[in-house]
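Quick look at my_file29.txt (compact mmCIF, C-alpha atoms and all ligand atoms):
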# COMPACT_ATOMS: atom_id res chain seq x y z
CA MET A 1 109.03 68.25 54.07
CA ALA A 2 106.78 70.70 52.32
CA LYS A 3 105.97 72.37 55.58
CA PHE A 4 109.54 73.14 56.50
CA LYS A 5 110.03 76.77 57.20
CA ASP A 6 113.32 78.31 58.19
CA LEU A 7 112.82 80.25 61.39
CA THR A 8 116.35 81.62 61.53
CA GLY A 9 116.36 85.24 62.57
CA GLN A 10 112.81 85.21 63.85
CA VAL A 11 112.01 86.43 67.34
CA PHE A 12 109.63 84.67 69.71
CA GLY A 13 109.26 86.60 72.92
CA LYS A 14 112.76 86.79 74.39
CA LEU A 15 114.09 84.14 72.03
CA THR A 16 115.88 84.86 68.77
CA VAL A 17 116.39 81.87 66.49
CA ILE A 18 120.05 81.59 65.51
CA GLY A 19 119.75 78.45 63.40
CA ILE A 20 118.54 74.93 63.13
CA SER A 21 119.65 72.66 65.91
CA LYS A 22 118.45 69.21 64.97
CA LYS A 23 115.86 67.21 63.14
CA VAL A 24 114.04 64.47 65.01
CA GLN A 25 112.07 61.75 63.29
CA SER A 26 108.87 61.01 65.14
CA GLY A 27 106.92 58.35 63.29
CA LYS A 28 106.34 59.77 59.87
CA ARG A 29 106.77 63.30 61.07
CA GLU A 30 109.95 65.26 61.16
CA ARG A 31 110.30 67.67 64.00
CA TYR A 32 112.80 70.48 63.98
CA TYR A 33 114.50 72.00 66.92
CA TRP A 34 115.87 75.54 66.69
CA ARG A 35 118.83 76.93 68.49
CA CYS A 36 117.69 80.13 70.15
CA ARG A 37 119.44 82.82 72.07
CA CYS A 38 117.43 84.23 74.94
CA ASP A 39 117.61 87.94 75.79
CA CYS A 40 119.18 86.91 79.09
CA GLY A 41 122.09 85.30 77.22
CA ASN A 42 121.17 81.64 77.60
CA ILE A 43 121.00 79.29 74.64
CA LYS A 44 118.06 76.91 74.35
CA ASP A 45 116.86 74.44 71.73
CA VAL A 46 113.13 74.70 71.12
CA ARG A 47 110.81 72.73 68.86
CA THR A 48 109.11 74.53 65.96
CA ASP A 49 105.55 74.21 67.21
CA CYS A 50 106.52 75.38 70.71
CA LEU A 51 107.95 78.55 69.19
CA THR A 52 105.23 79.29 66.66
CA SER A 53 102.41 78.61 69.11
CA GLY A 54 103.90 81.00 71.63
CA TYR A 55 104.19 78.19 74.18
CA VAL A 56 107.87 78.87 74.79
CA THR A 57 108.98 82.50 74.89
CA SER A 58 112.18 82.37 76.90
CA CYS A 59 114.93 80.01 78.04
CA GLY A 60 112.94 79.55 81.23
CA CYS A 61 114.06 82.76 82.85
CA ILE A 62 110.59 84.32 82.42
CA LYS A 63 109.13 81.51 84.45
CA LYS A 64 111.84 81.92 87.04
CA GLU A 65 111.05 85.62 87.28
CA GLN A 66 107.36 84.87 87.57
CA ASP A 67 108.04 82.31 90.28
CA LYS A 68 109.98 84.92 92.16
CA ILE A 69 107.09 87.37 91.88
CA ASN A 70 104.62 84.71 92.98
CA LEU A 71 106.82 83.83 95.90
CA THR A 72 106.99 87.46 96.97
CA LYS A 73 103.22 87.74 96.65
CA PHE A 74 102.79 84.67 98.78
CA HIS A 75 105.25 86.10 101.27
CA ARG A 76 103.29 89.35 101.41
CA HIS A 77 100.08 87.44 101.72
CA LYS A 78 101.48 85.50 104.64
CA LEU A 79 102.63 88.64 106.36
CA SER A 80 99.35 90.39 105.66
CA ASN A 81 97.77 88.48 108.51
CA THR A 82 100.31 89.67 111.01
CA LYS A 83 100.11 92.48 113.53
CA LEU A 84 103.14 94.06 111.93
CA TRP A 85 101.25 94.42 108.67
CA HIS A 86 98.45 96.25 110.49
CA THR A 87 100.97 98.44 112.27
CA TYR A 88 102.42 99.32 108.89
CA TYR A 89 99.10 100.21 107.30
CA GLY A 90 97.94 102.03 110.40
CA MET A 91 101.03 104.23 110.18
CA LEU A 92 100.47 104.97 106.48
CA HIS A 93 96.80 105.74 107.03
CA ARG A 94 97.48 108.13 109.93
CA CYS A 95 99.86 110.05 107.71
CA TYR A 96 98.21 109.94 104.30
CA ASN A 97 94.55 109.07 104.59
CA LYS A 98 92.49 112.18 105.33
CA ASP A 99 89.59 109.96 106.40
CA ASP A 100 91.63 108.29 109.13
CA THR A 101 90.39 109.37 112.56
CA HIS A 102 93.96 110.10 113.65
CA TYR A 103 94.96 112.02 110.53
CA GLY A 104 94.64 115.33 112.39
CA ASN A 105 97.46 114.38 114.75
CA TYR A 106 99.69 113.00 112.01
CA GLY A 107 99.26 113.82 108.31
CA GLU A 108 97.74 117.19 109.04
CA ARG A 109 100.64 118.07 111.31
CA GLY A 110 103.09 117.21 108.56
CA ILE A 111 104.19 113.84 109.94
CA VAL A 112 105.34 111.61 107.09
CA VAL A 113 106.68 108.09 106.63
CA CYS A 114 110.24 107.95 105.26
CA ASP A 115 110.49 106.88 101.60
CA ASP A 116 112.26 103.67 102.49
CA TRP A 117 109.27 102.45 104.50
CA LYS A 118 106.55 104.20 102.57
CA HIS A 119 107.29 102.24 99.44
CA SER A 120 108.15 98.88 100.94
CA PHE A 121 106.57 96.87 103.68
CA ASP A 122 109.58 94.54 103.42
CA ASN A 123 111.96 97.36 104.32
CA PHE A 124 109.78 98.31 107.25
CA ALA A 125 109.50 94.69 108.41
CA ARG A 126 113.28 94.22 108.18
CA TRP A 127 113.88 97.32 110.29
CA ALA A 128 111.23 96.21 112.78
CA ILE A 129 112.68 92.76 113.28
CA ASN A 130 116.24 94.09 113.57
CA ASN A 131 115.14 96.66 116.11
CA GLY A 132 113.38 94.71 118.78
CA TYR A 133 109.92 94.27 117.34
CA LYS A 134 107.83 91.69 119.15
CA GLN A 135 104.12 91.00 119.04
CA GLY A 136 102.26 93.29 121.38
CA LEU A 137 104.65 96.21 120.92
CA GLN A 138 103.64 99.43 119.25
CA ILE A 139 105.66 101.70 117.06
CA ASP A 140 106.56 104.84 118.93
CA ARG A 141 108.04 108.04 117.60
CA ILE A 142 110.72 109.34 119.95
CA ASN A 143 110.13 112.95 118.97
CA ASN A 144 106.40 113.52 118.72
CA ASP A 145 106.91 116.07 115.95
CA GLY A 146 109.29 113.83 114.06
CA ASN A 147 108.55 111.48 111.22
CA TYR A 148 108.19 107.75 110.96
CA GLU A 149 111.79 106.90 110.15
CA PRO A 150 114.42 104.60 111.67
CA SER A 151 116.17 107.34 113.64
CA ASN A 152 112.93 108.49 115.27
CA CYS A 153 111.20 105.21 115.98
CA ARG A 154 111.34 102.44 118.53
CA TRP A 155 109.08 99.70 119.81
CA SER A 156 107.26 100.30 123.06
CA THR A 157 104.57 98.67 125.10
CA PRO A 158 101.20 100.41 124.79
CA LYS A 159 101.72 101.77 128.33
CA ASP A 160 105.12 103.29 127.54
CA ASN A 161 103.74 104.71 124.36
CA CYS A 162 100.91 106.36 126.20
CA ARG A 163 103.31 107.85 128.70
CA ASN A 164 105.60 109.11 125.97
CA ARG A 165 102.71 110.78 124.28
CA GLY A 166 101.67 112.22 127.61
CA SER A 167 105.07 113.70 128.21
CA ASN A 168 104.90 115.35 124.80
CA VAL A 169 101.47 116.88 125.16
CA LEU A 170 100.89 120.10 127.02
CA VAL A 171 97.65 120.79 128.77
CA GLU A 172 96.59 124.10 130.21
CA TYR A 173 96.42 124.22 133.96
CA ASN A 174 95.96 127.46 135.91
CA GLY A 175 96.97 129.50 132.90
CA LYS A 176 100.15 127.53 132.37
CA PHE A 177 100.95 124.71 130.01
CA VAL A 178 102.23 121.55 131.65
CA THR A 179 102.72 118.01 130.42
CA ILE A 180 100.26 115.36 131.45
CA VAL A 181 102.99 113.71 133.47
CA GLU A 182 103.62 116.97 135.29
CA LEU A 183 99.92 117.58 135.81
CA SER A 184 99.48 114.18 137.38
CA GLU A 185 102.27 115.10 139.78
CA ILE A 186 100.84 118.55 140.52
CA LEU A 187 97.38 117.11 141.21
CA ASN A 188 98.81 114.05 142.87
CA ARG A 189 96.51 111.92 140.76
CA PRO A 190 97.48 108.78 138.89
CA TYR A 191 98.95 109.53 135.52
CA LYS A 192 96.52 107.15 133.86
CA GLU A 193 93.52 108.99 135.21
CA ILE A 194 94.73 112.36 133.93
CA TYR A 195 95.60 110.89 130.59
CA GLN A 196 92.17 109.34 130.24
CA LYS A 197 90.47 112.62 131.19
CA TYR A 198 92.57 114.36 128.65
CA ARG A 199 91.45 111.87 126.04
CA LYS A 200 87.84 111.86 127.13
CA TYR A 201 87.12 115.52 127.82
CA GLY A 202 89.75 116.98 125.61
CA ILE A 203 91.41 119.20 128.22
CA LYS A 204 92.68 122.23 126.36
CA ARG A 205 96.00 121.27 125.05
CA LYS A 206 98.82 122.39 122.92
CA ASP A 207 101.08 119.93 121.21
CA LEU A 208 104.77 120.55 121.71
ZN ZN B 301 116.47 83.61 79.35

Here is a file; write its structure as structure tokens.
Amino acid sequence: MAKFKDLTGQVFGKLTVIGISKKVQSGKRERYYWRCRCDCGNIKDVRTDCLTSGYVTSCGCIKKEQDKINLTKFHRHKLSNTKLWHTYYGMLHRCYNKDDTHYGNYGERGIVVCDDWKHSFDNFARWAINNGYKQGLQIDRINNDGNYEPSNCRWSTPKDNCRNRGSNVLVEYNGKFVTIVELSEILNRPYKEIYQKYRKYGIKRKDL
């Protein structure tokens, strides 16, 4: 009995002791349980040593929160192996990483990722799945000068995407600027060939 110490009013983590709850005889020892109010509003009875040792610091809600965080981490981890995750990071790098080889066509031209996506892969993934994303598809900006945002993006096959880009890029031909699609028609050469030449030799071009 000499060791008894009233913990009423003391705070342990999120728990505030509001009074003694019960005394339990365990062999020769007496153990006290304290009625505590958690910051979240729950009431919980906790044994003295669990409180004073710092073993218990909430009604259990801290653990629940931690579990939620762990679950989200696991979720992210799981998704980090997917193509969609790489699409997401590729997009961010093109727009914000000066060392990215494509930065010149994106970040440097002022193309940004909307806040909703920029700060949350989950938001991006939700939009993707609700808007026809399938493995093998690429994200495609409808307006080549527009940003990565829901109203300006869709999922296309790599071929479509290439063609879209081609129809948005002007190349100089006989003193005039024409799209790659138009040039392939003028020259009566396959679109793919012209596009590849444009990529390979860097035909003088002017982005729309
Ligand atoms: Zn709580």

Practice task
Could you please extract the residues within 10 Å of ligand ZN 301 (chain B), counting only C-alpha atoms and all ligand atoms, and hand them back as a list in words?
Solution key: Lys14, Leu15, Cys36, Arg37, Cys38, Asp39, Cys40, Gly41, Asn42, Ile43, Lys44, Thr57, Ser58, Cys59, Gly60, Cys61, Ile62, Lys63, Lys64 and Glu65 of chain A

Practice task
Within 7 Å of segment 131-140 of chain A, counting all atoms listed in the file, which residues show up once you throw out same-chain ones fewer than 5 positions away? Write them as a ChimeraX atom specification, please.
Solution key: /A:83,153-158,161

Handout entry: Point-to-point distance from atom CA of Lys23 of chain A to atom CA of Val11 of chain A, Å rounded to tenths
Key =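 Computed distance, atom CA of Lys23 of chain A to atom CA of Val11 of chain A, equals 20.0 Å.
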
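When only C-alpha atoms are used to compute distances to Leu51 of chain A, the closest of the residues A:Ile20, A:Leu84, A:Leu7, A:Leu170 turns out to be A:Leu7.
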
Expected answer as a compact mmCIF listing (two decimals) with C-alpha atoms, in the coordinates of the input: all residues with atoms within 7 Å of (103.6, 104.2, 105.8), all atoms listed in the file:
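Output (out25.txt):
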# COMPACT_ATOMS: atom_id res chain seq x y z
CA TYR A 88 102.42 99.32 108.89
CA TYR A 89 99.10 100.21 107.30
CA MET A 91 101.03 104.23 110.18
CA LEU A 92 100.47 104.97 106.48
CA VAL A 113 106.68 108.09 106.63
CA TRP A 117 109.27 102.45 104.50
CA LYS A 118 106.55 104.20 102.57

Practice task
Quick one: pull the distance between atom CA of Trp34 of chain A and atom CA of Ser21 of chain A, Å, one decimal.
Solution key: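 Result for atom CA of Trp34 of chain A versus atom CA of Ser21 of chain A: 4.8 Å, one decimal.
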
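For the pair atom CA of Thr48 of chain A and atom CA of Arg31 of chain A, the interatomic distance is 7.2 Å.
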
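Shortest separation to Asn152 of chain A among A:Pro190, A:Thr82, A:Ile111, A:Asp122 occurs at residue A:Ile111, atoms counted being all atoms listed in the file.
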
Please, what is the axis-aligned box for every listed atom of segment 22-40 of chain A with 8 Å on each side, as centre and edge lengths in Å to one decimal, as JSON?
{"center_x": 112.9, "center_y": 73.1, "center_z": 69.5, "size_x": 29.1, "size_y": 45.6, "size_z": 35.2}

Practice task
Between A:Thr87, A:Gly146, A:Asp45, A:Phe124, single out the one closest to Tyr106 of chain A, counting only C-alpha atoms.
Solution key: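 Between A:Thr87, A:Gly146, A:Asp45, A:Phe124, the residue approaching Tyr106 of chain A most closely is A:Gly146.
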
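For the residues A:Thr101, A:Thr16, A:Gly9, A:Glu30, ranking by smallest atom-to-atom distance to Val56 of chain A using only C-alpha atoms places A:Thr16 first.
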